[in-house]
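Report on the structure given below.
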Amino acid sequence: MLVHNKAIKNLTPADYLVIEKEHKLLEKYLNNLRDACVCSNLDKLPDCKVCENEKRSSCLGRLPSFLFHIIDLAGMHFDDEETIMLSRPNVTKDYEYFRTHKQAHADIMQKLQALVDECLTLKNKDNVAEIYIQLYEKISDLFEEHDRLFDDPFIESTKTSV
């Protein structure tokens with residue numbers, strides 16, 4: 001999301017506040033996800049076998065809430081982003097860039113749902129930290145790629161339209 005922050009400043013003040021708030025929520029989510037399992041943020045390879053049963057159970061028990069929370073956060077953010085896009089002059093639902101961008105949002109939501117399903121099937125795995133690490137990396141990569149390919153170019157285009 002850091003790459004995206006430069007381009008966001010070109011939005012109207014009200015739109016900027018919406019996107020900034022949501023990006024802070026997404027960043028907080030990613031930080032919480034990264035730090036959720038003590039073993040997942042160690043310098044060495046994660047090994048949940050060193051954790052007590054209670055700690056491992058706690059990490060495992062928190063996993064579903066992280067999985068479903070990202071679906072809610074991303075869905076809300078994408079809805080707001082599409083509303084902001086449609087508020088721009090000359091942008092309609094038929095505008096090719098809007099349709100492509102909206103489809104990219106739908107694709108991310110499908111990938112997130114697939115990640116949720118995958119993680120829920122891995123729940124019985126001994127190394128919960130590994131699940132958290134993979135989830136963090138995949139979600140971070142999804143959002144970074146989306147920012148680079150779609151959000152930054154759109155926001156940059158608002159410079160001339162404002």
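Order determines the names: the first chain of the structure tokens is A, the second B, and so forth; residues in each chain are numbered 1 upward, and ligands are numbered 1 upward as they are shown.
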Contacts of segment 96-109 of chain A at 10 Å (only C-alpha atoms; same-chain gap of 2+ positions) as number ranges by chain: A: 70-72, 74-75, 77-79, 81-82, 85-86, 91-94, 111-115, 139, 142-143, 146, 149-151, 154
Residue contacts of Gly61 of chain A (12 Å, only C-alpha atoms) excluding same-chain residues fewer than 4 positions away, as a list in words: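 Near neighbours after the sequence-gap exclusion: Ala36, Cys37, Asn53, Glu54, Lys55, Arg56, Ser57, Ser65, Phe66, Leu67, Leu120, Lys123, Asn124 and Val128 of chain A.
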Only C-alpha atoms, please: the residues just picked out, written as a PDB file, in the first residue's frame.
```
ATOM      1  CA  ALA A  36      -1.115 -12.716  15.167  1.00  0.00           C
ATOM      2  CA  CYS A  37       0.914 -15.836  15.705  1.00  0.00           C
ATOM      3  CA  ASN A  53      -1.068 -26.375  23.230  1.00  0.00           C
ATOM      4  CA  GLU A  54      -3.071 -23.391  24.505  1.00  0.00           C
ATOM      5  CA  LYS A  55      -1.032 -20.887  22.488  1.00  0.00           C
ATOM      6  CA  ARG A  56      -1.240 -22.995  19.344  1.00  0.00           C
ATOM      7  CA  SER A  57      -4.997 -23.404  19.855  1.00  0.00           C
ATOM      8  CA  SER A  65     -11.874 -14.284  12.080  1.00  0.00           C
ATOM      9  CA  PHE A  66      -8.841 -13.017  10.145  1.00  0.00           C
ATOM     10  CA  LEU A  67     -10.002 -14.853   7.050  1.00  0.00           C
ATOM     11  CA  LEU A 120      -9.695 -23.470   6.508  1.00  0.00           C
ATOM     12  CA  LYS A 123      -6.478 -25.703   9.860  1.00  0.00           C
ATOM     13  CA  ASN A 124      -5.507 -29.180  11.033  1.00  0.00           C
ATOM     14  CA  VAL A 128      -0.218 -22.670  12.143  1.00  0.00           C
TER      15      VAL A 128
END
```
Nearest residue to Glu22 of chain A from the set A:Thr121, A:Leu73, A:Lys138, A:Phe68 (distances using only C-alpha atoms): A:Leu73
Residues flagged alpha helix (DSSP H) by DSSP in segment 9-154 of chain A, as a PyMOL selection string: chain A and resi 13-35+53-86+96-121+128-146+152-154
Nearest candidate to Asn32 of chain A (options A:Arg62, A:Leu122, A:Glu130, A:Tyr95; using only C-alpha atoms):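 Of all the options, A:Arg62 lies closest to Asn32 of chain A.
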Nearby residues (only C-alpha atoms) at most 12 Å from Val18 of chain A, same-chain spacing under 2 positions excluded, as a ChimeraX atom specification: /A:8-9,11-16,20-25,76-81,83-84
Write the residues you've just listed into a file as a PDB file, in the first residue's frame, and include N, CA and C atoms for each of them.
```pdb
ATOM      1  N   ILE A   8      -2.660   8.657  -4.057  1.00  0.00           N
ATOM      2  CA  ILE A   8      -3.914   8.967  -3.366  1.00  0.00           C
ATOM      3  C   ILE A   8      -4.065  10.465  -3.127  1.00  0.00           C
ATOM      4  N   LYS A   9      -2.979  11.142  -2.917  1.00  0.00           N
ATOM      5  CA  LYS A   9      -3.033  12.561  -2.588  1.00  0.00           C
ATOM      6  C   LYS A   9      -3.643  13.404  -3.708  1.00  0.00           C
ATOM      7  N   LEU A  11      -6.560  12.829  -5.104  1.00  0.00           N
ATOM      8  CA  LEU A  11      -8.016  12.745  -5.031  1.00  0.00           C
ATOM      9  C   LEU A  11      -8.589  14.019  -4.411  1.00  0.00           C
ATOM     10  N   THR A  12      -9.911  14.188  -4.542  1.00  0.00           N
ATOM     11  CA  THR A  12     -10.552  15.294  -3.836  1.00  0.00           C
ATOM     12  C   THR A  12     -10.371  15.058  -2.341  1.00  0.00           C
ATOM     13  N   PRO A  13     -10.445  16.103  -1.528  1.00  0.00           N
ATOM     14  CA  PRO A  13     -10.237  15.922  -0.082  1.00  0.00           C
ATOM     15  C   PRO A  13     -11.181  14.883   0.547  1.00  0.00           C
ATOM     16  N   ALA A  14     -12.444  14.898   0.163  1.00  0.00           N
ATOM     17  CA  ALA A  14     -13.395  13.939   0.750  1.00  0.00           C
ATOM     18  C   ALA A  14     -13.061  12.505   0.323  1.00  0.00           C
ATOM     19  N   ASP A  15     -12.769  12.314  -0.959  1.00  0.00           N
ATOM     20  CA  ASP A  15     -12.413  10.979  -1.449  1.00  0.00           C
ATOM     21  C   ASP A  15     -11.099  10.511  -0.835  1.00  0.00           C
ATOM     22  N   TYR A  16     -10.179  11.442  -0.691  1.00  0.00           N
ATOM     23  CA  TYR A  16      -8.892  11.135  -0.073  1.00  0.00           C
ATOM     24  C   TYR A  16      -9.099  10.577   1.336  1.00  0.00           C
ATOM     25  N   GLU A  20      -7.952   6.949   2.390  1.00  0.00           N
ATOM     26  CA  GLU A  20      -6.891   6.945   3.409  1.00  0.00           C
ATOM     27  C   GLU A  20      -7.324   6.137   4.631  1.00  0.00           C
ATOM     28  N   LYS A  21      -8.559   6.355   5.084  1.00  0.00           N
ATOM     29  CA  LYS A  21      -9.076   5.628   6.248  1.00  0.00           C
ATOM     30  C   LYS A  21      -9.095   4.122   5.967  1.00  0.00           C
ATOM     31  N   GLU A  22      -9.577   3.756   4.780  1.00  0.00           N
ATOM     32  CA  GLU A  22      -9.660   2.338   4.449  1.00  0.00           C
ATOM     33  C   GLU A  22      -8.284   1.712   4.262  1.00  0.00           C
ATOM     34  N   HIS A  23      -7.356   2.449   3.700  1.00  0.00           N
ATOM     35  CA  HIS A  23      -6.002   1.911   3.564  1.00  0.00           C
ATOM     36  C   HIS A  23      -5.357   1.711   4.930  1.00  0.00           C
ATOM     37  N   LYS A  24      -5.642   2.617   5.854  1.00  0.00           N
ATOM     38  CA  LYS A  24      -5.119   2.437   7.215  1.00  0.00           C
ATOM     39  C   LYS A  24      -5.717   1.185   7.856  1.00  0.00           C
ATOM     40  N   LEU A  25      -7.001   0.949   7.615  1.00  0.00           N
ATOM     41  CA  LEU A  25      -7.627  -0.277   8.132  1.00  0.00           C
ATOM     42  C   LEU A  25      -6.997  -1.525   7.513  1.00  0.00           C
ATOM     43  N   MET A  76     -15.801  -3.761   1.238  1.00  0.00           N
ATOM     44  CA  MET A  76     -16.163  -2.383   1.553  1.00  0.00           C
ATOM     45  C   MET A  76     -15.270  -1.405   0.785  1.00  0.00           C
ATOM     46  N   HIS A  77     -13.982  -1.669   0.792  1.00  0.00           N
ATOM     47  CA  HIS A  77     -13.030  -0.784   0.123  1.00  0.00           C
ATOM     48  C   HIS A  77     -13.296  -0.730  -1.382  1.00  0.00           C
ATOM     49  N   PHE A  78     -13.521  -1.883  -1.985  1.00  0.00           N
ATOM     50  CA  PHE A  78     -13.760  -1.913  -3.424  1.00  0.00           C
ATOM     51  C   PHE A  78     -15.052  -1.200  -3.789  1.00  0.00           C
ATOM     52  N   ASP A  79     -16.096  -1.368  -2.986  1.00  0.00           N
ATOM     53  CA  ASP A  79     -17.356  -0.655  -3.240  1.00  0.00           C
ATOM     54  C   ASP A  79     -17.136   0.860  -3.191  1.00  0.00           C
ATOM     55  N   ASP A  80     -16.433   1.315  -2.167  1.00  0.00           N
ATOM     56  CA  ASP A  80     -16.164   2.750  -2.046  1.00  0.00           C
ATOM     57  C   ASP A  80     -15.305   3.257  -3.196  1.00  0.00           C
ATOM     58  N   GLU A  81     -14.308   2.490  -3.560  1.00  0.00           N
ATOM     59  CA  GLU A  81     -13.422   2.889  -4.651  1.00  0.00           C
ATOM     60  C   GLU A  81     -14.191   3.014  -5.967  1.00  0.00           C
ATOM     61  N   THR A  83     -17.385   3.628  -6.289  1.00  0.00           N
ATOM     62  CA  THR A  83     -18.248   4.809  -6.172  1.00  0.00           C
ATOM     63  C   THR A  83     -17.451   6.076  -6.468  1.00  0.00           C
ATOM     64  N   ILE A  84     -16.252   6.153  -5.944  1.00  0.00           N
ATOM     65  CA  ILE A  84     -15.389   7.312  -6.195  1.00  0.00           C
ATOM     66  C   ILE A  84     -15.050   7.400  -7.679  1.00  0.00           C
TER      67      ILE A  84
END
```
Best match for closeness to Cys51 of chain A among A:Tyr136, A:Arg88, A:Glu118, A:Ala129, counting only C-alpha atoms: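 For Cys51 of chain A, the nearest of the candidates is A:Ala129.
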